[in-house]
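Worksheet: one structure, shown below.
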Amino acid sequence: MKRSSSHRLLAHARTFAAGCVAVLLLVAGVWASWENAHHIVLAKGREHGTMSVTVCGEDACTGSFSPDADARERSSVTIERSVAAKKGDRFPVVVKPGSGDVVRTGTPGLLHAWVPLGGALVLAALVIGGGMRMTRIAWGAGIAGAALLTATFVAL
């Protein structure tokens, strides 16, 4: 029995709508990640140094900043609170231009910055597999997202 043209049209509409949702999820993941990631990826010409965490509040941790060669001394810098920052920790950071906020650098910092993209990949995999019926691509996106999240967990 042949499918009618309306069934084919609905199938294409479902695939198109699911594709739009998947693209929206991925763009949102990149957008959310890029807020911190661009300070790490495009770090040339920025102030680099080491942060020593002295106080952690509910939303942020504060500490001293030991500059590298071209950075200026700062009495205090702030980093967004995460499970990986505790009182007494020392790690490499880059200063966000025009502020006293810093972002963790190195492999752990880079992976942590891309966590929103990892979550978006996992969510998009569900949409790709369920809505678009593209199971191989869905498995690839899901595994890539899970690998990013797992690598971040291990690195931090």
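Going by the structure tokens order, chains are called A, B, ..., each with residues numbered from 1, while ligands are numbered from 1 in the order shown.
The shell of residues at most 7 Å from Arg90 of chain A, with only C-alpha atoms counted and near chain neighbours (fewer than 6 positions) removed, consists of Thr50, Met51, Ser52 and Val53 of chain A.
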Write out the residues from the selection above, keeping N, CA, C and O atoms, as an mmCIF file, in the first residue's frame.
data_model
loop_
_atom_site.group_PDB
_atom_site.id
_atom_site.type_symbol
_atom_site.label_atom_id
_atom_site.label_comp_id
_atom_site.auth_asym_id
_atom_site.auth_seq_id
_atom_site.Cartn_x
_atom_site.Cartn_y
_atom_site.Cartn_z
ATOM 1 N N THR A 50 48.201 32.743 38.046
ATOM 2 C CA THR A 50 47.740 31.651 38.889
ATOM 3 C C THR A 50 46.869 32.235 39.988
ATOM 4 O O THR A 50 47.238 33.217 40.626
ATOM 5 N N MET A 51 45.732 31.607 40.216
ATOM 6 C CA MET A 51 44.826 32.037 41.272
ATOM 7 C C MET A 51 44.963 31.089 42.455
ATOM 8 O O MET A 51 44.999 29.881 42.290
ATOM 9 N N SER A 52 45.023 31.667 43.650
ATOM 10 C CA SER A 52 44.989 30.895 44.885
ATOM 11 C C SER A 52 43.668 31.219 45.574
ATOM 12 O O SER A 52 43.444 32.354 45.997
ATOM 13 N N VAL A 53 42.792 30.240 45.677
ATOM 14 C CA VAL A 53 41.456 30.460 46.239
ATOM 15 C C VAL A 53 41.571 30.628 47.752
ATOM 16 O O VAL A 53 42.149 29.788 48.439
#
In chain A, what's strand (DSSP E) per DSSP? Answer as a ChimeraX atom specification?
/A:48-56,60-67,74-80,90-95,102-104
Could the residues in this selection be saved with N, CA and C atoms as a compact mmCIF listing (two decimals), in the first residue's frame?
# COMPACT_ATOMS: atom_id res chain seq x y z
N HIS A 48 47.59 36.44 32.00
CA HIS A 48 47.63 35.08 32.52
C HIS A 48 48.28 35.08 33.89
N GLY A 49 47.90 34.11 34.69
CA GLY A 49 48.51 33.98 36.00
C GLY A 49 47.96 32.77 36.74
N THR A 50 48.20 32.74 38.05
CA THR A 50 47.74 31.65 38.89
C THR A 50 46.87 32.23 39.99
N MET A 51 45.73 31.61 40.22
CA MET A 51 44.83 32.04 41.27
C MET A 51 44.96 31.09 42.45
N SER A 52 45.02 31.67 43.65
CA SER A 52 44.99 30.90 44.89
C SER A 52 43.67 31.22 45.57
N VAL A 53 42.79 30.24 45.68
CA VAL A 53 41.46 30.46 46.24
C VAL A 53 41.57 30.63 47.75
N THR A 54 41.01 31.74 48.25
CA THR A 54 41.03 31.99 49.69
C THR A 54 39.64 31.92 50.32
N VAL A 55 38.61 32.33 49.59
CA VAL A 55 37.24 32.34 50.12
C VAL A 55 36.29 31.89 49.02
N CYS A 56 35.36 31.01 49.38
CA CYS A 56 34.32 30.59 48.43
C CYS A 56 32.95 30.93 49.00
N ALA A 60 30.49 32.53 43.90
CA ALA A 60 31.83 32.81 43.38
C ALA A 60 32.89 32.52 44.44
N CYS A 61 34.11 32.32 43.95
CA CYS A 61 35.26 32.16 44.82
C CYS A 61 36.21 33.33 44.56
N THR A 62 36.85 33.79 45.61
CA THR A 62 37.77 34.92 45.53
C THR A 62 39.13 34.46 46.01
N GLY A 63 40.15 35.08 45.44
CA GLY A 63 41.50 34.73 45.86
C GLY A 63 42.53 35.68 45.31
N SER A 64 43.77 35.37 45.62
CA SER A 64 44.88 36.21 45.14
C SER A 64 45.29 35.77 43.73
N PHE A 65 45.94 36.68 43.04
CA PHE A 65 46.36 36.46 41.66
C PHE A 65 47.85 36.68 41.55
N SER A 66 48.57 35.66 41.17
CA SER A 66 50.02 35.75 40.92
C SER A 66 50.21 35.83 39.41
N PRO A 67 50.63 36.99 38.90
CA PRO A 67 50.71 37.18 37.45
C PRO A 67 51.88 36.45 36.81
N ARG A 74 47.32 41.80 40.96
CA ARG A 74 45.96 42.11 41.42
C ARG A 74 45.83 41.58 42.83
N SER A 75 45.22 42.38 43.68
CA SER A 75 45.07 41.95 45.07
C SER A 75 44.02 40.86 45.20
N SER A 76 43.00 40.92 44.35
CA SER A 76 41.92 39.94 44.45
C SER A 76 41.27 39.74 43.09
N VAL A 77 40.97 38.49 42.78
CA VAL A 77 40.23 38.15 41.57
C VAL A 77 39.09 37.20 41.96
N THR A 78 38.11 37.10 41.08
CA THR A 78 36.93 36.28 41.35
C THR A 78 36.73 35.29 40.22
N ILE A 79 36.36 34.08 40.59
CA ILE A 79 36.03 33.04 39.61
C ILE A 79 34.66 32.49 39.95
N GLU A 80 33.90 32.13 38.92
CA GLU A 80 32.59 31.54 39.12
C GLU A 80 32.72 30.25 39.93
N ARG A 90 44.96 26.03 43.87
CA ARG A 90 45.74 26.91 42.98
C ARG A 90 45.61 26.37 41.57
N PHE A 91 45.30 27.24 40.63
CA PHE A 91 45.20 26.80 39.24
C PHE A 91 45.44 27.97 38.31
N PRO A 92 45.86 27.67 37.06
CA PRO A 92 46.13 28.73 36.08
C PRO A 92 44.82 29.36 35.60
N VAL A 93 44.86 30.69 35.42
CA VAL A 93 43.68 31.42 34.99
C VAL A 93 44.07 32.47 33.96
N VAL A 94 43.06 33.00 33.30
CA VAL A 94 43.21 34.15 32.42
C VAL A 94 42.17 35.17 32.87
N VAL A 95 42.57 36.45 32.90
CA VAL A 95 41.69 37.51 33.37
C VAL A 95 40.79 37.96 32.22
N VAL A 102 38.11 36.00 36.51
CA VAL A 102 39.04 35.12 35.81
C VAL A 102 38.33 33.86 35.35
N VAL A 103 38.95 33.18 34.40
CA VAL A 103 38.46 31.91 33.88
C VAL A 103 39.61 30.92 33.96
N ARG A 104 39.33 29.72 34.42
CA ARG A 104 40.36 28.68 34.53
C ARG A 104 40.84 28.29 33.14
Excluding Ala147 of chain A and residues on its chain fewer than 2 positions from it, collect all residues at most 12 Å away from it, counting only C-alpha atoms, and give them as a short mmCIF file (atom, residue, chain, number, x, y, z; two decimals) with all heavy atoms, in the first residue's frame.
data_model
loop_
_atom_site.label_atom_id
_atom_site.label_comp_id
_atom_site.auth_asym_id
_atom_site.auth_seq_id
_atom_site.Cartn_x
_atom_site.Cartn_y
_atom_site.Cartn_z
N LEU A 111 37.74 22.23 29.02
CA LEU A 111 36.65 21.26 29.08
C LEU A 111 35.47 21.80 29.88
O LEU A 111 34.31 21.64 29.48
CB LEU A 111 37.14 19.94 29.68
CG LEU A 111 38.09 19.12 28.81
CD1 LEU A 111 38.67 17.96 29.61
CD2 LEU A 111 37.41 18.63 27.56
N TRP A 114 33.22 24.15 27.97
CA TRP A 114 32.38 23.55 26.93
C TRP A 114 31.32 22.61 27.49
O TRP A 114 30.64 21.92 26.72
CB TRP A 114 33.25 22.84 25.91
CG TRP A 114 34.01 23.80 25.05
CD1 TRP A 114 35.34 24.07 25.11
CD2 TRP A 114 33.49 24.63 24.01
NE1 TRP A 114 35.67 25.03 24.18
CE2 TRP A 114 34.56 25.38 23.49
CE3 TRP A 114 32.21 24.83 23.48
CZ2 TRP A 114 34.39 26.31 22.46
CZ3 TRP A 114 32.05 25.75 22.45
CH2 TRP A 114 33.13 26.48 21.96
N VAL A 115 31.13 22.55 28.80
CA VAL A 115 30.11 21.68 29.39
C VAL A 115 28.70 21.96 28.84
O VAL A 115 27.96 21.01 28.54
CB VAL A 115 30.14 21.75 30.93
CG1 VAL A 115 28.87 21.22 31.56
CG2 VAL A 115 31.33 20.96 31.45
N LEU A 117 27.84 22.81 25.90
CA LEU A 117 27.76 22.15 24.59
C LEU A 117 27.60 20.65 24.76
O LEU A 117 26.85 20.01 24.01
CB LEU A 117 28.99 22.47 23.75
CG LEU A 117 29.03 21.78 22.39
CD1 LEU A 117 27.83 22.19 21.52
CD2 LEU A 117 30.33 22.08 21.68
N GLY A 118 28.29 20.05 25.73
CA GLY A 118 28.15 18.61 25.97
C GLY A 118 26.72 18.25 26.33
O GLY A 118 26.16 17.27 25.82
N GLY A 119 26.10 19.04 27.19
CA GLY A 119 24.70 18.80 27.53
C GLY A 119 23.78 18.99 26.34
O GLY A 119 22.83 18.22 26.14
N LEU A 121 24.57 18.51 23.22
CA LEU A 121 24.76 17.36 22.33
C LEU A 121 23.94 16.16 22.78
O LEU A 121 23.33 15.46 21.96
CB LEU A 121 26.24 16.98 22.25
CG LEU A 121 27.11 17.82 21.33
CD1 LEU A 121 28.59 17.57 21.62
CD2 LEU A 121 26.79 17.53 19.88
N VAL A 122 23.92 15.92 24.09
CA VAL A 122 23.14 14.80 24.61
C VAL A 122 21.65 15.02 24.35
O VAL A 122 20.94 14.11 23.91
CB VAL A 122 23.41 14.59 26.12
CG1 VAL A 122 22.46 13.58 26.72
CG2 VAL A 122 24.86 14.15 26.33
N TRP A 139 23.42 8.61 17.86
CA TRP A 139 24.39 7.92 18.72
C TRP A 139 25.72 8.67 18.74
O TRP A 139 26.36 8.81 19.79
CB TRP A 139 24.61 6.48 18.25
CG TRP A 139 23.61 5.54 18.83
CD1 TRP A 139 22.54 4.98 18.19
CD2 TRP A 139 23.57 5.04 20.17
NE1 TRP A 139 21.84 4.18 19.05
CE2 TRP A 139 22.46 4.19 20.28
CE3 TRP A 139 24.37 5.24 21.29
CZ2 TRP A 139 22.13 3.54 21.45
CZ3 TRP A 139 24.05 4.59 22.46
CH2 TRP A 139 22.94 3.75 22.54
N GLY A 140 26.15 9.16 17.59
CA GLY A 140 27.41 9.92 17.54
C GLY A 140 27.35 11.19 18.36
O GLY A 140 28.28 11.49 19.13
N ALA A 141 26.25 11.93 18.24
CA ALA A 141 26.10 13.17 19.02
C ALA A 141 26.01 12.86 20.51
O ALA A 141 26.62 13.54 21.34
CB ALA A 141 24.86 13.94 18.55
N GLY A 142 25.25 11.84 20.86
CA GLY A 142 25.10 11.47 22.27
C GLY A 142 26.41 11.01 22.89
O GLY A 142 26.75 11.40 24.01
N ILE A 143 27.15 10.21 22.16
CA ILE A 143 28.44 9.72 22.67
C ILE A 143 29.43 10.88 22.78
O ILE A 143 30.19 10.97 23.75
CB ILE A 143 28.98 8.58 21.78
CG1 ILE A 143 28.12 7.33 22.01
CG2 ILE A 143 30.44 8.30 22.07
CD1 ILE A 143 28.40 6.21 21.03
N ALA A 144 29.43 11.78 21.79
CA ALA A 144 30.33 12.94 21.86
C ALA A 144 30.01 13.82 23.07
O ALA A 144 30.91 14.26 23.79
CB ALA A 144 30.23 13.76 20.57
N GLY A 145 28.73 14.07 23.31
CA GLY A 145 28.33 14.87 24.46
C GLY A 145 28.68 14.18 25.77
O GLY A 145 29.20 14.81 26.70
N LEU A 149 31.32 15.50 28.71
CA LEU A 149 30.92 15.62 30.11
C LEU A 149 31.78 14.73 31.02
O LEU A 149 32.20 15.15 32.10
CB LEU A 149 29.44 15.29 30.28
CG LEU A 149 28.48 16.26 29.57
CD1 LEU A 149 27.05 15.72 29.65
CD2 LEU A 149 28.57 17.64 30.15
N THR A 150 32.06 13.51 30.57
CA THR A 150 32.88 12.60 31.36
C THR A 150 34.32 13.09 31.46
O THR A 150 34.93 13.06 32.53
CB THR A 150 32.86 11.18 30.74
OG1 THR A 150 31.49 10.74 30.68
CG2 THR A 150 33.67 10.21 31.55
N ALA A 151 34.87 13.57 30.35
CA ALA A 151 36.23 14.09 30.36
C ALA A 151 36.35 15.30 31.29
O ALA A 151 37.36 15.44 32.01
CB ALA A 151 36.67 14.48 28.95
N THR A 152 35.34 16.14 31.32
CA THR A 152 35.35 17.30 32.22
C THR A 152 35.33 16.83 33.67
O THR A 152 36.08 17.34 34.51
CB THR A 152 34.14 18.20 31.95
OG1 THR A 152 34.17 18.60 30.58
CG2 THR A 152 34.17 19.42 32.84
N PHE A 153 34.50 15.86 33.97
CA PHE A 153 34.41 15.32 35.32
C PHE A 153 35.75 14.75 35.76
O PHE A 153 36.21 14.99 36.87
CB PHE A 153 33.32 14.24 35.39
CG PHE A 153 33.17 13.60 36.73
CD1 PHE A 153 32.54 14.25 37.76
CD2 PHE A 153 33.71 12.35 36.96
CE1 PHE A 153 32.42 13.66 39.01
CE2 PHE A 153 33.59 11.73 38.19
CZ PHE A 153 32.94 12.41 39.23
N VAL A 154 36.39 14.01 34.88
CA VAL A 154 37.68 13.39 35.21
C VAL A 154 38.78 14.45 35.34
O VAL A 154 39.61 14.38 36.26
CB VAL A 154 38.07 12.34 34.14
CG1 VAL A 154 39.49 11.87 34.30
CG2 VAL A 154 37.10 11.17 34.19
N ALA A 155 38.78 15.45 34.47
CA ALA A 155 39.83 16.47 34.47
C ALA A 155 39.74 17.39 35.69
O ALA A 155 40.77 17.88 36.17
CB ALA A 155 39.78 17.31 33.20
#
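Distance-wise, atom CA of Leu123 of chain A and atom CA of Arg14 of chain A end up 17.3 Å apart.
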What is the distance between atom CA of Asn36 of chain A and atom CA of Leu110 of chain A, in Å to one decimal?
8.7 Å
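Using only C-alpha atoms, the nearest neighbour of Gly57 of chain A within the list A:Ile40, A:Ile137, A:Val127, A:Ala85 is A:Ala85.
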Could you give me the residues within chain A that DSSP places in helix (DSSP H, G or I), as a PyMOL selection string?
chain A and resi 5-41+106-113+115-131+135-155
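Of the listed residues (A:Arg72, A:His12, A:Arg81, A:Arg133), A:Arg81 comes nearest to His112 of chain A; the distances count only C-alpha atoms.
Atom to atom, atom CA of His7 of chain A and atom CA of Ile128 of chain A stand 19.9 Å apart.
Nearest-residue note for Gly45 of chain A: choosing from A:Leu24, A:Lys96, A:Asp89, A:Ala32, the minimum distance belongs to A:Lys96, counting only C-alpha atoms.
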